[in-house]
Amino acid sequence: MMATANGGSTAPTLATTPQRYGLALFSIATAFGLARIFLYFHLPQPFAAFALSAIAITFWYGGTKAGIVATVLASIVRYSFETGVGTIAFAFYDLTFVVFAVLMSMVTRARDDLEERITERTAELTHANEGLRLEIAERKQAEYLIGQVFECSPDGISIIGPDYRYRRVNPVYERNWGMPAEKIVGMHVSDLLGKEVFEEKLKRNLDRCFAGEDVRYSDWFTDVLGRRRYLSLSYSPLRPTSHDVEAALVINHDLTNHMLDSEKLRQAQSDLARISRVTTMGELTASLAHEVNQPIAAAITNANTCVRWLAREYPDVEEAREAALRTVKDANRAAEIIGHIRQLFSKGNAQRELVDMNEVIREMHVMLRNEANRYSVSIRIDCAADLPRIMADRVQLQQVLMNLMLNGIDAMKAVNAHRELAIRSQQVDDGTLQISISDTGTGLPPHDVEQIFSAFFTTKEHGTGMGLSISRSIVESHGGRLWADNNSPRGATFCFTLPAKDEAHA
Ligand code: ADP
C-alpha cells in the first residue's frame with residue numbers, strides 16, 4: 001500500500017516501518033533467489049545486477065533508511081556468491097553498492113522534494129479554485145440582483161457610451177419612449193430625444209459625467225408621442241475595467257404627476273393668496289367706509305347747522321360755535337378710526353421672531369410663480385448670501401412682499417415688451433437690510449409719487465388703494481422705510497429697509 005501524506009498526495013513510499021524494512025529484506029531475498037536459480041542453470045552469475053535493482057526498488061518504495069539496510073544486506077549476501085574474489089574486487093563491489101545507494105538516496109530525496117512541492121502547489125491551486133468558485137457564485141448572484149434592479153426598476157434606466165449611443169435600456173425606458181430595446185440600443189441619443197434637447201440639455205450633462213462627475217438635474221421633456229414629462233435625471237460614471245469612464249448610467253425618475261399636482265397646489269395657493277388679499281382689503285375698506293361714514297355724515301350735518309346759524313339775519317354765533325365744535329369732534333372721530341387701522345400693524349400686535357428675509361423671498365417666489373407665469377413674467381431672484389436674520393413678524397413681511405410683487409406683476413400686464421420682476425436682498429452700510437422689487441411695467445402714476453402710499457389711492461379698476469398704505473405701516477412698525485422710484489427706461493422699483501436685529505427690537 002502506498003502512503004498518503006501531505007493532505008492526500010500519493011507518494012510511492014510505503015506507509016509503515018515494518019513494510020519498508022520488509023521490502024528491503026524481500027527485495028534482497030528475491031535478488032538472492034534469482035541469482036541462485038541462475039547459478040543452478042549455469043547461467044552467468046548476475047547477483048550484482050539483481051542486488052542493484054533490489055536496492056533501487058527499496059530506495060524508491062521504502063525510503064533512504066530501508067535502502068541503506070538493503071545495501072548492507074546485499075553486501076552480506078554477495079559473500080555467498082563471490083567466493084575466491086580478491087579483496088580489491090570486494091572493495092570495488094562494496095564501493096559500487098555505496099555509490100549506487102548514495103545516488104538512489106539523492107534521487108528519492110529529489111523525488112520527495114518534487115512531490116512536496118507538487119502537493120503544496122496542488123493545495124494552493126485547490127484553495128485558489130475554491131476562492132474562484134465562491135467569487136463566481138457571488139458574481140452570479142450580484143449579476144442576478146443587478147439584472148433584477150435593471151429589469152424591475154420603476155425608473156427608466158439606460159447605459160450610454162461616450163459616443164452618445166445607447167448600450168442598454170430597461171423595460172421602463174422602452175415603455176417611456178415607445179420603442180423596443182433592440183431598436184434603441186445602438187441609436188444616438190439625439191435620434192431618440194431630438195437634436196435640440198440633446199444639444200441644449202443632455203450633451204452638456206453627459207460630458208460632465210464622462211469627465212467623472214455625478215450629475216443630477218430635473219427638467220421637462222417631450223416624448224415621441226408629444227407627451228410632456230417632468231424627469232428627475234441622475235448620470236453616474238461607469239468604470240468597469242479601468243480608471244477611465246467607459247459609459248454613463250442614466251436613471252430617469254418620472255415626476256410628471258407629482259409635478260402637475262404640486263403645480264395645481266401652487267396655483268391654488270396663489271389664487272387663495274390673491275383672493276384672501278382682495279377679500280381682506282375689500283372687507284377692510286367696507287368696514288372702514290362704514291365706520292368713517294357715520295362721523296363724516298354727522299360732521300356734514302353739524303357743518304350745515306353751523307352755516308345755517310351763521311346765515312340768519314341775526315347770526316347766532318353761540319349756536320354756530322357749538323355746531324362747529326361738534327363738526328371738529330366728528331372729524332376727529334373719523335381720523336381716530338383711520339388711525340386705528342394703522343395700529344393694527346403696529347409693533348404691539350406683531351408676532352416677532354427671528355426671520356431669514358431670503359427665505360421669505362423664496363417662499364413668495366414659489367407662491368407667486370404661477371401668477372407670474374400666467375402673464376409671461378419672469379422672476380429673477382438675487383439674494384445676498386450672508387444676510388443676517390432679523391426680529392420681525394414673518395406674516396406681515398410676507399404680506400408686504402406679496403403686495404409689492406403683485407403690484408409689479410399688475411403693472412406689467414399691459415406692457416408688450418420683456419416682463420421681468422427682479423427681487424434683490426442686500427445689506428447696506430450700517431447693517432440694515434434693503435429689499436428691492438423692480439419691474440419693467442408702466443411706471444408710477446405721474447405727478448406726486450407719494451400719493452400712491454395714501455390710503456384708498458388706486459388707478460386700478462378693482463383696486464382698493466390700501467396695499468401700499470398698509471405695507472408702509474408694516475415696514476415703519478419694524479423701524480424701516482418704504483419708498484418708490486421710477487426706472488429708466490421703464491418700470492418702477494419699490495425698496496424697503498429693515499434695521500438689524502437690535503434696532504428692530506427697540
Ligand atoms: P391697489 O393695488 O389696490 O391699487 P396699492 O396701494 O397697492 O393699491 O397701490 C396703489 C397704486 O399705486 C396702484 O393703483 C398703482 O397706481 C400704483 N402702483 C403700485 N405699485 C406700482 C408699480 N409697481 N408700478 C406702477 N404703479 C404702481
# chains A, B, ... in the order shown; residues from 1 in each chain; ligands from 1
$ residues_near_ligand --ligand "ligand 1" --cutoff "7 Å" --atoms "only C-alpha atoms and all ligand atoms" --output "count of residues only"
28
$ closest_atom_pairs --of "stretch 383-475 of chain A" --to "stretch 354-366 of chain A" --cutoff "8 Å" --atoms "only C-alpha atoms" --output "Markdown table"
| residue | atom | partner | partner_atom | distance |
| --- | --- | --- | --- | --- |
| A:Cys383 | CA | A:Asn358 | CA | 6.2 |
| A:Ala384 | CA | A:Asn358 | CA | 7.9 |
| A:Leu387 | CA | A:Asn358 | CA | 7.5 |
| A:Pro388 | CA | A:Asp356 | CA | 7.2 |
| A:Arg389 | CA | A:Asp356 | CA | 4.7 |
| A:Ile390 | CA | A:Val355 | CA | 5.3 |
| A:Met391 | CA | A:Leu354 | CA | 4.6 |
| A:Ala392 | CA | A:Val355 | CA | 6.2 |
| A:Asp393 | CA | A:Val355 | CA | 7.8 |
| A:Arg394 | CA | A:Val355 | CA | 6.3 |
| A:Leu397 | CA | A:Val360 | CA | 7.8 |
| A:Gln398 | CA | A:Val360 | CA | 6.4 |
| A:Leu401 | CA | A:Met364 | CA | 7.2 |
| A:Met402 | CA | A:Met364 | CA | 6.6 |
| A:Ile423 | CA | A:Ile361 | CA | 7.8 |
| A:Ser425 | CA | A:Asn358 | CA | 7.1 |
$ write_last_selection --atoms "C-alpha atoms" --output "compact mmCIF listing (two decimals), in the first residue's frame"
# COMPACT_ATOMS: atom_id res chain seq x y z
CA CYS A 383 -30.23 87.23 -2.66
CA ALA A 384 -27.17 88.33 -0.68
CA LEU A 387 -27.88 88.23 5.08
CA PRO A 388 -28.34 88.39 8.88
CA ARG A 389 -31.66 87.28 10.33
CA ILE A 390 -33.86 89.95 11.86
CA MET A 391 -36.52 90.10 14.59
CA ALA A 392 -39.76 90.64 12.70
CA ASP A 393 -43.32 89.50 12.12
CA ARG A 394 -42.88 86.93 9.39
CA LEU A 397 -43.31 90.80 5.92
CA GLN A 398 -44.79 88.14 3.63
CA LEU A 401 -43.54 91.30 -0.30
CA MET A 402 -46.70 89.84 -1.77
CA ILE A 423 -36.15 90.85 -6.32
CA SER A 425 -31.79 91.49 -0.99
$ select_by_dssp --residues "stretch 171-390 of chain A" --states "strand (DSSP E or B)" --output "PyMOL selection string"
chain A and resi 188+215-222+228-238+247-254+352-355+378-383+390
$ atom_distance --atom1 "atom CA of A:Glu200" --atom2 "atom CA of A:Arg369"
23.7 Å
